[in-house]
2 protein chains.
Amino acid sequence: MVTIKDIAARLQVSPSTVGRALADDPRISAATKQKVSEVAEEMGYVANLAARMMRGVSSNLIGLVLPDIRNGFYATIAHALSKCLQGARYQLALSETDDDRMVELQSIRELASANVAGIIIVPTAKPHRETVRLLKLSPHVQLLRKHAAIGDQWFGIDDTQAIFEATSHLVQLGHRRIGYIGGTDDLPTGSARLKGYHKALPGGESADPALVQLGAPGDADFGLNATRRLLALPKRPTAIVAGSVQMTQGILEELTAQGMRAPDDLSVVGFGDELGFRWWGPGLTTVGLPVHELATACGLWFVHQIRQRSASAAPYTSISPATLILRGSTRKHGPAAKTSVRASVRGATV
Amino acid sequence: MVTIKDIAARLQVSPSTVGRALADDPRISAATKQKVSEVAEEMGYVANLAARMMRGVSSNLIGLVLPDIRNGFYATIAHALSKCLQGARYQLALSETDDDRMVELQSIRELASANVAGIIIVPTAKPHRETVRLLKLSPHVQLLRKHAAIGDQWFGIDDTQAIFEATSHLVQLGHRRIGYIGGTDDLPTGSARLKGYHKALPGGESADPALVQLGAPGDADFGLNATRRLLALPKRPTAIVAGSVQMTQGILEELTAQGMRAPDDLSVVGFGDELGFRWWGPGLTTVGLPVHELATACGLWFVHQIRQRSASAAPYTSISPATLILRGSTRKHGPAAKTSVRASVRGATV
DNA sequence: TTGAAAGCGCTAACAT
DNA sequence: ATGTTAGCGCTTTCAA
């Protein structure tokens, strides 16, 4: 293993000079810095992080704490952050919580004891007190979900607007009985989305409570069962809005299973734009989320933040807008609309 | 921060005694150990990992190096490993290579300098010499892809059998012009799969080279363009087999775009079982891979391996079989089969 | 069975 | 602008 001493010996300078040169200390001449970094490169020098950490410097590890990496949504986030941090010579330490606050606490503990440089977290609904306390000890930022207790540094999406647009689109198409299947409102995202749904319903008209189905946002099976319940209603909805990626998947699954076709039998607006949504039936009209951009912005900001230890406490909030992606799964409601483009292409009559 | 010195001072013993007691050294009396651990507990002592690492003990970090976490395939692996290692108090450090050997090298360097306990890697096609060298310095295991240079500890899937089954299925249905779109054969997986394809073609009959399209396995666009090329052939294939997840996605994309419907216009067998494959057209017949099981097995084995520093050099190979999942995208080839179930359900005539 | 002491590689206060 | 030196907390010889 090559150490600064080796470099120092080669260059006939003291170890501290090398150390300072590598740390880009202003007291070292440009020429020396130049030479040092050349030799370091040549000898394949890699700083010993353990030794650094012992001197109080934190590791080059950034913890990423999120519910489930299999969710394409979070995978995109992990990818974007990984790229972004790689550029800044940081490593991602991945922790999954499964939306379980105790697992979350355990993860944070591990990260804290590993002396991470910072933590990027998508918090669970009710983080443990200890989780909050530990989080305060190192730089951190919240992603997507926001908890006041954890802090005011947050990158998220305008969830209310997202679902508002989705629902409004259906309202404009003449739909009145619109079902909503989304996450419970104990999560900030869940409640914001639900709010968007209500806000879009025409003239203060409160929705039939039976049309609103709330469950754990990561539970596709809930979406599936909720869809079944909605379809079994005496007055079934003419359209459904999804309030999470997994819910969308459950909904599509169940509609396919029941042989329901959008937009003929029902209009559907999904949440997120996973692979396959494009080719579900006539193409799923869905809420597109700028996840990649969001994560990149968050990563860049966070690295900057970590490097300037000073202003880290200042509140910061970034809200990105969602955009409705119009495809084939929604259509005007009413008897006049019964002949779909699709049906006519097939030459069929109804 | 409580150190062993503090404990030593409280107990009027030397720091080394405390250190040994905590390490359960046989030379320390049971009574002393008892006292030490009591006081340590009481004072809230937490071992300083950095200091430990400096003494050569590795961290509780396990590096996971793979091409792209957004690939559902790898996300499943990361998830399974994360769960598995969490139980053993290890943290996952995630590195993406994008199938670029220099990025791979850089990641390995980072991991090595972070003193990881071990590395689980899905190697690129031609890992750098230095990558191989560094890898040898810490415990490691290969996943899915196997490179002789890296070692003989490998967990993978029987790729040849997987594509053999997929192709055989089509052959049995009477197809003779079967296209194959897969990864290049410089990757071990690519070549094994291609072999399975050739093996399944009837009686040594070598395929029309134009029917075989090989590209970067992670490149969905290649799959898309390759599909276009196959469809533009004077004698177009009657069926297509996909040789990677991303290729499958490209193929489905292009078929949808061209308005080609399986199995009426063409039979298709996919690779992997991503979300959405189930609802593509009539449901995609595809090769199901036991990714979760594979990753879990790998994780358990690896932790065990790390904990017993001794026998780590012994070769170990685990091959899991793939299974064909029959859905609606394949059908008998020939004029007699022209009336599909689907068409008759619709009451249409052809 | 325990102590004393020497570092691991790095950073930072204190010289020069 | 650079060199000297003293540790960080732990493990690990070597002594007792």
# chains A, B, ... in the order shown; residues from 1 in each chain; ligands from 1

$ residues_around --residues "segment 4-11 of chain A" --least-positions-apart "6" --cutoff "10 Å" --atoms "only C-alpha atoms (C1' of nucleotides)" --output "PDB file with all heavy atoms, in the first residue's frame"
ATOM      1  N   THR A  17       4.087  17.914   3.865  1.00  0.00           N
ATOM      2  CA  THR A  17       3.991  18.671   2.614  1.00  0.00           C
ATOM      3  C   THR A  17       3.112  17.905   1.619  1.00  0.00           C
ATOM      4  O   THR A  17       2.226  18.469   0.989  1.00  0.00           O
ATOM      5  CB  THR A  17       5.386  18.865   1.999  1.00  0.00           C
ATOM      6  OG1 THR A  17       6.192  19.542   2.937  1.00  0.00           O
ATOM      7  CG2 THR A  17       5.295  19.660   0.713  1.00  0.00           C
ATOM      8  N   VAL A  18       3.379  16.629   1.535  1.00  0.00           N
ATOM      9  CA  VAL A  18       2.573  15.811   0.636  1.00  0.00           C
ATOM     10  C   VAL A  18       1.110  15.844   1.052  1.00  0.00           C
ATOM     11  O   VAL A  18       0.222  16.062   0.225  1.00  0.00           O
ATOM     12  CB  VAL A  18       3.083  14.353   0.631  1.00  0.00           C
ATOM     13  CG1 VAL A  18       2.194  13.482  -0.230  1.00  0.00           C
ATOM     14  CG2 VAL A  18       4.521  14.302   0.147  1.00  0.00           C
ATOM     15  N   GLY A  19       0.892  15.637   2.332  1.00  0.00           N
ATOM     16  CA  GLY A  19      -0.482  15.659   2.830  1.00  0.00           C
ATOM     17  C   GLY A  19      -1.172  16.957   2.479  1.00  0.00           C
ATOM     18  O   GLY A  19      -2.298  16.960   1.966  1.00  0.00           O
ATOM     19  N   LEU A  22      -1.875  17.318  -1.261  1.00  0.00           N
ATOM     20  CA  LEU A  22      -3.026  16.524  -1.678  1.00  0.00           C
ATOM     21  C   LEU A  22      -4.334  17.143  -1.194  1.00  0.00           C
ATOM     22  O   LEU A  22      -5.374  17.002  -1.833  1.00  0.00           O
ATOM     23  CB  LEU A  22      -2.895  15.095  -1.156  1.00  0.00           C
ATOM     24  CG  LEU A  22      -1.773  14.281  -1.811  1.00  0.00           C
ATOM     25  CD1 LEU A  22      -1.565  12.976  -1.071  1.00  0.00           C
ATOM     26  CD2 LEU A  22      -2.098  14.016  -3.269  1.00  0.00           C
ATOM     27  N   THR A  32       4.911  22.434  -6.312  1.00  0.00           N
ATOM     28  CA  THR A  32       4.962  21.248  -5.457  1.00  0.00           C
ATOM     29  C   THR A  32       3.693  20.419  -5.601  1.00  0.00           C
ATOM     30  O   THR A  32       3.734  19.197  -5.751  1.00  0.00           O
ATOM     31  CB  THR A  32       5.129  21.676  -3.989  1.00  0.00           C
ATOM     32  OG1 THR A  32       6.199  22.617  -3.895  1.00  0.00           O
ATOM     33  CG2 THR A  32       5.424  20.474  -3.128  1.00  0.00           C
ATOM     34  N   LYS A  35       3.830  18.420  -8.733  1.00  0.00           N
ATOM     35  CA  LYS A  35       4.720  17.262  -8.649  1.00  0.00           C
ATOM     36  C   LYS A  35       4.099  16.162  -7.800  1.00  0.00           C
ATOM     37  O   LYS A  35       4.099  14.989  -8.171  1.00  0.00           O
ATOM     38  CB  LYS A  35       6.075  17.696  -8.043  1.00  0.00           C
ATOM     39  CG  LYS A  35       7.149  17.943  -9.106  1.00  0.00           C
ATOM     40  CD  LYS A  35       8.484  18.286  -8.457  1.00  0.00           C
ATOM     41  CE  LYS A  35       8.596  19.797  -8.215  1.00  0.00           C
ATOM     42  NZ  LYS A  35       9.789  20.200  -7.450  1.00  0.00           N
ATOM     43  N   VAL A  36       3.590  16.573  -6.651  1.00  0.00           N
ATOM     44  CA  VAL A  36       3.012  15.592  -5.727  1.00  0.00           C
ATOM     45  C   VAL A  36       1.888  14.807  -6.398  1.00  0.00           C
ATOM     46  O   VAL A  36       1.852  13.583  -6.353  1.00  0.00           O
ATOM     47  CB  VAL A  36       2.485  16.273  -4.456  1.00  0.00           C
ATOM     48  CG1 VAL A  36       1.611  15.328  -3.661  1.00  0.00           C
ATOM     49  CG2 VAL A  36       3.644  16.765  -3.611  1.00  0.00           C
ATOM     50  N   SER A  37       0.986  15.534  -7.048  1.00  0.00           N
ATOM     51  CA  SER A  37      -0.150  14.804  -7.614  1.00  0.00           C
ATOM     52  C   SER A  37       0.297  13.908  -8.765  1.00  0.00           C
ATOM     53  O   SER A  37      -0.277  12.833  -8.969  1.00  0.00           O
ATOM     54  CB  SER A  37      -1.255  15.769  -8.045  1.00  0.00           C
ATOM     55  OG  SER A  37      -0.752  16.700  -8.955  1.00  0.00           O
ATOM     56  N   VAL A  39       3.255  12.290  -8.967  1.00  0.00           N
ATOM     57  CA  VAL A  39       3.851  11.094  -8.370  1.00  0.00           C
ATOM     58  C   VAL A  39       2.783  10.223  -7.717  1.00  0.00           C
ATOM     59  O   VAL A  39       2.815   8.990  -7.827  1.00  0.00           O
ATOM     60  CB  VAL A  39       4.933  11.493  -7.346  1.00  0.00           C
ATOM     61  CG1 VAL A  39       5.439  10.267  -6.610  1.00  0.00           C
ATOM     62  CG2 VAL A  39       6.071  12.203  -8.048  1.00  0.00           C
ATOM     63  N   ALA A  40       1.833  10.875  -7.049  1.00  0.00           N
ATOM     64  CA  ALA A  40       0.753  10.130  -6.392  1.00  0.00           C
ATOM     65  C   ALA A  40       0.030   9.284  -7.427  1.00  0.00           C
ATOM     66  O   ALA A  40      -0.204   8.087  -7.233  1.00  0.00           O
ATOM     67  CB  ALA A  40      -0.214  11.096  -5.722  1.00  0.00           C
ATOM     68  N   GLU A  42       1.101   8.332 -10.337  1.00  0.00           N
ATOM     69  CA  GLU A  42       2.000   7.328 -10.885  1.00  0.00           C
ATOM     70  C   GLU A  42       2.171   6.122  -9.963  1.00  0.00           C
ATOM     71  O   GLU A  42       2.188   4.979 -10.404  1.00  0.00           O
ATOM     72  CB  GLU A  42       3.361   8.003 -11.124  1.00  0.00           C
ATOM     73  CG  GLU A  42       4.414   7.097 -11.747  1.00  0.00           C
ATOM     74  CD  GLU A  42       5.796   7.692 -11.524  1.00  0.00           C
ATOM     75  OE1 GLU A  42       5.916   8.933 -11.534  1.00  0.00           O
ATOM     76  OE2 GLU A  42       6.747   6.909 -11.306  1.00  0.00           O
ATOM     77  N   MET A  43       2.279   6.416  -8.667  1.00  0.00           N
ATOM     78  CA  MET A  43       2.490   5.318  -7.721  1.00  0.00           C
ATOM     79  C   MET A  43       1.182   4.626  -7.336  1.00  0.00           C
ATOM     80  O   MET A  43       1.189   3.653  -6.590  1.00  0.00           O
ATOM     81  CB  MET A  43       3.188   5.846  -6.455  1.00  0.00           C
ATOM     82  CG  MET A  43       4.560   6.451  -6.723  1.00  0.00           C
ATOM     83  SD  MET A  43       5.333   7.093  -5.213  1.00  0.00           S
ATOM     84  CE  MET A  43       5.900   5.592  -4.403  1.00  0.00           C
ATOM     85  N   TYR A  45      -1.293   5.971  -5.570  1.00  0.00           N
ATOM     86  CA  TYR A  45      -1.622   6.282  -4.184  1.00  0.00           C
ATOM     87  C   TYR A  45      -3.128   6.375  -3.973  1.00  0.00           C
ATOM     88  O   TYR A  45      -3.837   6.998  -4.755  1.00  0.00           O
ATOM     89  CB  TYR A  45      -0.973   7.602  -3.778  1.00  0.00           C
ATOM     90  CG  TYR A  45      -1.480   8.154  -2.478  1.00  0.00           C
ATOM     91  CD1 TYR A  45      -0.998   7.674  -1.266  1.00  0.00           C
ATOM     92  CD2 TYR A  45      -2.450   9.145  -2.458  1.00  0.00           C
ATOM     93  CE1 TYR A  45      -1.474   8.170  -0.065  1.00  0.00           C
ATOM     94  CE2 TYR A  45      -2.932   9.652  -1.256  1.00  0.00           C
ATOM     95  CZ  TYR A  45      -2.442   9.158  -0.070  1.00  0.00           C
ATOM     96  OH  TYR A  45      -2.913   9.646   1.107  1.00  0.00           O
ATOM     97  N   VAL A  46      -3.598   5.724  -2.935  1.00  0.00           N
ATOM     98  CA  VAL A  46      -4.994   5.883  -2.528  1.00  0.00           C
ATOM     99  C   VAL A  46      -4.995   6.216  -1.053  1.00  0.00           C
ATOM    100  O   VAL A  46      -4.406   5.501  -0.242  1.00  0.00           O
ATOM    101  CB  VAL A  46      -5.794   4.586  -2.745  1.00  0.00           C
ATOM    102  CG1 VAL A  46      -7.265   4.838  -2.468  1.00  0.00           C
ATOM    103  CG2 VAL A  46      -5.598   4.074  -4.147  1.00  0.00           C
ATOM    104  N   ALA A  47      -5.643   7.298  -0.707  1.00  0.00           N
ATOM    105  CA  ALA A  47      -5.654   7.728   0.686  1.00  0.00           C
ATOM    106  C   ALA A  47      -6.246   6.646   1.570  1.00  0.00           C
ATOM    107  O   ALA A  47      -7.207   5.994   1.202  1.00  0.00           O
ATOM    108  CB  ALA A  47      -6.462   9.005   0.821  1.00  0.00           C
ATOM    109  N   ASN A  48      -5.688   6.452   2.712  1.00  0.00           N
ATOM    110  CA  ASN A  48      -6.225   5.503   3.672  1.00  0.00           C
ATOM    111  C   ASN A  48      -7.330   6.175   4.468  1.00  0.00           C
ATOM    112  O   ASN A  48      -7.094   7.034   5.316  1.00  0.00           O
ATOM    113  CB  ASN A  48      -5.115   5.033   4.593  1.00  0.00           C
ATOM    114  CG  ASN A  48      -5.614   3.978   5.537  1.00  0.00           C
ATOM    115  OD1 ASN A  48      -6.740   4.058   6.013  1.00  0.00           O
ATOM    116  ND2 ASN A  48      -4.793   2.984   5.789  1.00  0.00           N
TER     117      ASN A  48
ATOM    118  P    DG C   9       0.789   1.998   7.208  1.00  0.00           P
ATOM    119  OP1  DG C   9       0.495   1.127   6.061  1.00  0.00           O
ATOM    120  OP2  DG C   9       2.171   2.294   7.605  1.00  0.00           O
ATOM    121  O5'  DG C   9       0.053   3.395   6.977  1.00  0.00           O
ATOM    122  C5'  DG C   9      -1.306   3.395   6.566  1.00  0.00           C
ATOM    123  C4'  DG C   9      -1.860   4.795   6.739  1.00  0.00           C
ATOM    124  O4'  DG C   9      -1.742   5.171   8.117  1.00  0.00           O
ATOM    125  C3'  DG C   9      -1.114   5.865   5.932  1.00  0.00           C
ATOM    126  O3'  DG C   9      -2.080   6.496   5.111  1.00  0.00           O
ATOM    127  C2'  DG C   9      -0.533   6.802   6.983  1.00  0.00           C
ATOM    128  C1'  DG C   9      -1.418   6.536   8.187  1.00  0.00           C
ATOM    129  N9   DG C   9      -0.778   6.714   9.489  1.00  0.00           N
ATOM    130  C8   DG C   9       0.503   6.356   9.835  1.00  0.00           C
ATOM    131  N7   DG C   9       0.780   6.620  11.080  1.00  0.00           N
ATOM    132  C5   DG C   9      -0.382   7.195  11.588  1.00  0.00           C
ATOM    133  C6   DG C   9      -0.669   7.677  12.889  1.00  0.00           C
ATOM    134  O6   DG C   9       0.062   7.705  13.876  1.00  0.00           O
ATOM    135  N1   DG C   9      -1.981   8.178  12.980  1.00  0.00           N
ATOM    136  C2   DG C   9      -2.872   8.187  11.941  1.00  0.00           C
ATOM    137  N2   DG C   9      -4.067   8.699  12.206  1.00  0.00           N
ATOM    138  N3   DG C   9      -2.613   7.735  10.713  1.00  0.00           N
ATOM    139  C4   DG C   9      -1.361   7.255  10.612  1.00  0.00           C
ATOM    140  P    DC C  10      -1.775   7.796   4.298  1.00  0.00           P
ATOM    141  OP1  DC C  10      -2.647   7.830   3.122  1.00  0.00           O
ATOM    142  OP2  DC C  10      -0.335   7.966   4.152  1.00  0.00           O
ATOM    143  O5'  DC C  10      -2.326   8.883   5.315  1.00  0.00           O
ATOM    144  C5'  DC C  10      -3.729   8.928   5.563  1.00  0.00           C
ATOM    145  C4'  DC C  10      -3.995   9.833   6.736  1.00  0.00           C
ATOM    146  O4'  DC C  10      -3.083   9.501   7.783  1.00  0.00           O
ATOM    147  C3'  DC C  10      -3.776  11.317   6.446  1.00  0.00           C
ATOM    148  O3'  DC C  10      -5.040  11.925   6.227  1.00  0.00           O
ATOM    149  C2'  DC C  10      -3.097  11.858   7.699  1.00  0.00           C
ATOM    150  C1'  DC C  10      -2.919  10.635   8.599  1.00  0.00           C
ATOM    151  N1   DC C  10      -1.595  10.532   9.239  1.00  0.00           N
ATOM    152  C2   DC C  10      -1.445  10.936  10.566  1.00  0.00           C
ATOM    153  O2   DC C  10      -2.416  11.401  11.167  1.00  0.00           O
ATOM    154  N3   DC C  10      -0.235  10.815  11.163  1.00  0.00           N
ATOM    155  C4   DC C  10       0.791  10.304  10.478  1.00  0.00           C
ATOM    156  N4   DC C  10       1.968  10.185  11.109  1.00  0.00           N
ATOM    157  C5   DC C  10       0.665   9.884   9.124  1.00  0.00           C
ATOM    158  C6   DC C  10      -0.533  10.022   8.548  1.00  0.00           C
TER     159       DC C  10
END

$ select_by_dssp --residues "segment 163-320 of chain B" --states "strand (DSSP E)" --output "list in words"
Ile178, Gly179, Tyr180, Ile181, Gly182, Gly183, Val212, Gln213, Leu214, Gly215, Ala239, Ile240, Val241, Ala242, Ser267, Val268, Val269, Gly270, Phe271, Thr285, Thr286, Val287, Gly288, Tyr316, Thr317, Ser318, Ile319 and Ser320 of chain B

$ calpha_fit_rmsd --fixed "chain B" --moving "chain A"
1.9 Å

$ closest_atom_pairs --of "chain B" --to "chain D" --cutoff "7 Å" --atoms "only C-alpha atoms (C1' of nucleotides)" --output "JSON lines"
{"residue": "B:Thr3", "atom": "CA", "partner": "D:DG9", "partner_atom": "C1'", "distance": 7.0}
{"residue": "B:Asn48", "atom": "CA", "partner": "D:DG9", "partner_atom": "C1'", "distance": 6.8}
{"residue": "B:Ala51", "atom": "CA", "partner": "D:DG9", "partner_atom": "C1'", "distance": 5.2}
{"residue": "B:Arg52", "atom": "CA", "partner": "D:DC10", "partner_atom": "C1'", "distance": 5.6}
{"residue": "B:Arg55", "atom": "CA", "partner": "D:DT11", "partner_atom": "C1'", "distance": 6.1}

$ residues_around --residues "DT1 of chain C" --least-positions-apart "4" --cutoff "8 Å" --atoms "only C-alpha atoms (C1' of nucleotides)" --output "PyMOL selection string"
chain B and resi 27-29

$ write_last_selection --atoms "C-alpha atoms" --output "PDB file, in the first residue's frame"
ATOM      1  CA  ARG B  27      -5.744 -15.159  28.078  1.00  0.00           C
ATOM      2  CA  ILE B  28      -8.079 -12.918  30.063  1.00  0.00           C
ATOM      3  CA  SER B  29      -9.828 -14.265  33.130  1.00  0.00           C
TER       4      SER B  29
END

$ residues_around --residues "segment 88-94 of chain B" --least-positions-apart "4" --cutoff "10 Å" --atoms "only C-alpha atoms (C1' of nucleotides)" --output "ChimeraX atom specification"
/A:61-64,78-79,82,91-96,106-107,110-111,114 /B:59-66,69,78-79,81-84,107,111,114,116-117,119-120,299-300,303-304

$ write_last_selection --atoms "N, CA and C atoms" --output "compact mmCIF listing (two decimals), in the first residue's frame"
# COMPACT_ATOMS: atom_id res chain seq x y z
N LEU A 61 -18.43 8.04 2.52
CA LEU A 61 -19.65 7.27 2.35
C LEU A 61 -20.86 8.16 2.56
N ILE A 62 -21.81 8.07 1.67
CA ILE A 62 -23.07 8.77 1.90
C ILE A 62 -24.17 7.74 1.98
N GLY A 63 -24.89 7.75 3.07
CA GLY A 63 -25.96 6.77 3.26
C GLY A 63 -27.19 7.15 2.47
N LEU A 64 -27.77 6.17 1.80
CA LEU A 64 -29.04 6.41 1.12
C LEU A 64 -30.06 5.47 1.75
N ALA A 78 -31.51 6.00 -6.86
CA ALA A 78 -30.22 5.45 -6.48
C ALA A 78 -29.22 5.60 -7.62
N HIS A 79 -29.69 5.34 -8.82
CA HIS A 79 -28.81 5.45 -9.98
C HIS A 79 -28.31 6.88 -10.16
N SER A 82 -25.96 7.81 -7.41
CA SER A 82 -24.70 7.09 -7.54
C SER A 82 -23.79 7.77 -8.56
N GLN A 91 -19.07 7.39 -2.11
CA GLN A 91 -19.67 6.06 -2.30
C GLN A 91 -21.06 6.06 -1.69
N LEU A 92 -21.96 5.34 -2.30
CA LEU A 92 -23.31 5.22 -1.76
C LEU A 92 -23.41 3.99 -0.87
N ALA A 93 -23.90 4.19 0.34
CA ALA A 93 -24.20 3.03 1.19
C ALA A 93 -25.71 2.88 1.18
N LEU A 94 -26.17 1.77 0.68
CA LEU A 94 -27.61 1.58 0.49
C LEU A 94 -28.27 0.89 1.67
N SER A 95 -29.35 1.48 2.16
CA SER A 95 -30.12 0.84 3.23
C SER A 95 -31.59 0.84 2.87
N GLU A 96 -32.21 -0.30 2.96
CA GLU A 96 -33.64 -0.38 2.69
C GLU A 96 -34.40 -0.48 4.01
N GLN A 106 -32.31 1.11 12.81
CA GLN A 106 -31.12 0.26 12.78
C GLN A 106 -30.16 0.72 11.68
N SER A 107 -30.72 1.02 10.52
CA SER A 107 -29.89 1.46 9.41
C SER A 107 -29.15 2.74 9.76
N GLU A 110 -26.28 2.07 12.04
CA GLU A 110 -25.13 1.51 11.32
C GLU A 110 -24.39 2.63 10.60
N LEU A 111 -25.14 3.45 9.90
CA LEU A 111 -24.52 4.51 9.14
C LEU A 111 -23.76 5.47 10.04
N ALA A 114 -20.60 4.13 11.14
CA ALA A 114 -19.63 4.01 10.05
C ALA A 114 -19.08 5.38 9.69
N SER B 59 -13.88 -3.24 7.46
CA SER B 59 -15.11 -2.57 7.87
C SER B 59 -16.28 -3.54 7.77
N ASN B 60 -17.45 -3.07 8.10
CA ASN B 60 -18.63 -3.92 7.98
C ASN B 60 -19.34 -3.64 6.65
N LEU B 61 -18.55 -3.18 5.70
CA LEU B 61 -19.10 -2.80 4.41
C LEU B 61 -18.83 -3.90 3.39
N ILE B 62 -19.84 -4.22 2.61
CA ILE B 62 -19.62 -5.16 1.51
C ILE B 62 -19.95 -4.43 0.22
N GLY B 63 -19.01 -4.40 -0.69
CA GLY B 63 -19.22 -3.70 -1.95
C GLY B 63 -20.05 -4.53 -2.91
N LEU B 64 -21.01 -3.89 -3.56
CA LEU B 64 -21.78 -4.58 -4.60
C LEU B 64 -21.54 -3.81 -5.89
N VAL B 65 -20.90 -4.46 -6.84
CA VAL B 65 -20.54 -3.79 -8.08
C VAL B 65 -21.35 -4.41 -9.22
N LEU B 66 -22.19 -3.61 -9.85
CA LEU B 66 -23.03 -4.13 -10.94
C LEU B 66 -23.24 -3.07 -12.00
N ILE B 69 -28.36 -0.27 -11.62
CA ILE B 69 -29.37 -0.62 -10.63
C ILE B 69 -30.79 -0.45 -11.17
N ALA B 78 -29.84 -6.48 -5.57
CA ALA B 78 -29.44 -5.55 -4.52
C ALA B 78 -30.37 -5.68 -3.32
N HIS B 79 -31.65 -5.81 -3.60
CA HIS B 79 -32.62 -5.94 -2.51
C HIS B 79 -32.36 -7.20 -1.69
N LEU B 81 -29.72 -9.03 -1.45
CA LEU B 81 -28.45 -8.97 -0.74
C LEU B 81 -28.53 -8.04 0.46
N SER B 82 -29.18 -6.91 0.25
CA SER B 82 -29.30 -5.94 1.31
C SER B 82 -29.98 -6.57 2.53
N LYS B 83 -31.08 -7.26 2.29
CA LYS B 83 -31.81 -7.93 3.37
C LYS B 83 -30.92 -8.94 4.06
N CYS B 84 -30.27 -9.70 3.24
CA CYS B 84 -29.47 -10.81 3.71
C CYS B 84 -28.29 -10.32 4.55
N SER B 107 -14.33 2.06 -9.17
CA SER B 107 -15.18 1.61 -8.07
C SER B 107 -14.43 0.65 -7.17
N LEU B 111 -13.58 1.01 -3.21
CA LEU B 111 -13.98 0.00 -2.25
C LEU B 111 -12.77 -0.53 -1.49
N ALA B 114 -11.66 1.78 1.02
CA ALA B 114 -12.61 1.90 2.13
C ALA B 114 -12.51 0.66 3.01
N VAL B 116 -13.26 -2.51 2.54
CA VAL B 116 -14.47 -3.32 2.61
C VAL B 116 -14.16 -4.74 3.04
N ALA B 117 -15.15 -5.35 3.66
CA ALA B 117 -14.98 -6.73 4.14
C ALA B 117 -14.98 -7.69 2.96
N ILE B 119 -16.29 -8.09 -1.62
CA ILE B 119 -16.89 -7.49 -2.80
C ILE B 119 -17.70 -8.54 -3.57
N ILE B 120 -18.92 -8.19 -3.88
CA ILE B 120 -19.75 -9.04 -4.73
C ILE B 120 -19.85 -8.33 -6.07
N GLY B 299 -25.44 -14.25 -0.93
CA GLY B 299 -25.21 -13.42 0.25
C GLY B 299 -24.89 -14.26 1.47
N LEU B 300 -25.69 -15.29 1.70
CA LEU B 300 -25.48 -16.14 2.87
C LEU B 300 -24.11 -16.81 2.83
N VAL B 303 -21.20 -14.20 3.41
CA VAL B 303 -21.02 -13.80 4.80
C VAL B 303 -20.31 -14.90 5.57
N HIS B 304 -20.76 -16.09 5.35
CA HIS B 304 -20.14 -17.25 5.99
C HIS B 304 -18.65 -17.30 5.66

$ closest_atom_pairs --of "chain C" --to "chain B" --cutoff "7 Å" --atoms "only C-alpha atoms (C1' of nucleotides)" --output "tab-separated table"
residue	atom	partner	partner_atom	distance
C:DT1	C1'	B:Ile28	CA	6.4
C:DT2	C1'	B:Thr17	CA	6.7
C:DG3	C1'	B:Ser14	CA	6.4
C:DC8	C1'	B:Met54	CA	5.5

$ residues_around --residues "Pro217 of chain B" --least-positions-apart "6" --cutoff "12 Å" --atoms "only C-alpha atoms (C1' of nucleotides)" --output "count of residues only"
30

$ select_by_dssp --residues "segment 98-335 of chain A" --states "helix (DSSP H, G or I)" --output "JSON, numbers by chain"
{"A": [101, 102, 103, 104, 105, 106, 107, 108, 109, 110, 111, 112, 113, 129, 130, 131, 132, 133, 134, 135, 136, 137, 159, 160, 161, 162, 163, 164, 165, 166, 167, 168, 169, 170, 171, 172, 188, 189, 190, 191, 192, 193, 194, 195, 196, 197, 198, 199, 200, 202, 203, 204, 209, 210, 211, 220, 221, 222, 223, 224, 225, 226, 227, 228, 229, 230, 231, 232, 245, 246, 247, 248, 249, 250, 251, 252, 253, 254, 255, 256, 257, 291, 292, 293, 294, 295, 296, 297, 298, 299, 300, 301, 302, 303, 304, 305, 306, 307, 310, 311, 312, 313, 335]}

$ residues_around --residues "Pro315 of chain B" --least-positions-apart "4" --cutoff "8 Å" --atoms "only C-alpha atoms (C1' of nucleotides)" --output "PyMOL selection string"
chain B and resi 151-153

$ write_last_selection --atoms "N, CA, C and O atoms" --output "PDB file, in the first residue's frame"
ATOM      1  N   GLY B 151     -11.670 -15.372 -10.604  1.00  0.00           N
ATOM      2  CA  GLY B 151     -11.708 -16.446  -9.621  1.00  0.00           C
ATOM      3  C   GLY B 151     -12.752 -17.496  -9.915  1.00  0.00           C
ATOM      4  O   GLY B 151     -13.502 -17.396 -10.880  1.00  0.00           O
ATOM      5  N   ASP B 152     -12.800 -18.503  -9.055  1.00  0.00           N
ATOM      6  CA  ASP B 152     -13.760 -19.583  -9.294  1.00  0.00           C
ATOM      7  C   ASP B 152     -14.868 -19.583  -8.275  1.00  0.00           C
ATOM      8  O   ASP B 152     -15.449 -20.600  -7.967  1.00  0.00           O
ATOM      9  N   GLN B 153     -15.110 -18.425  -7.683  1.00  0.00           N
ATOM     10  CA  GLN B 153     -16.218 -18.393  -6.750  1.00  0.00           C
ATOM     11  C   GLN B 153     -17.323 -17.622  -7.436  1.00  0.00           C
ATOM     12  O   GLN B 153     -17.220 -16.413  -7.667  1.00  0.00           O
TER      13      GLN B 153
END
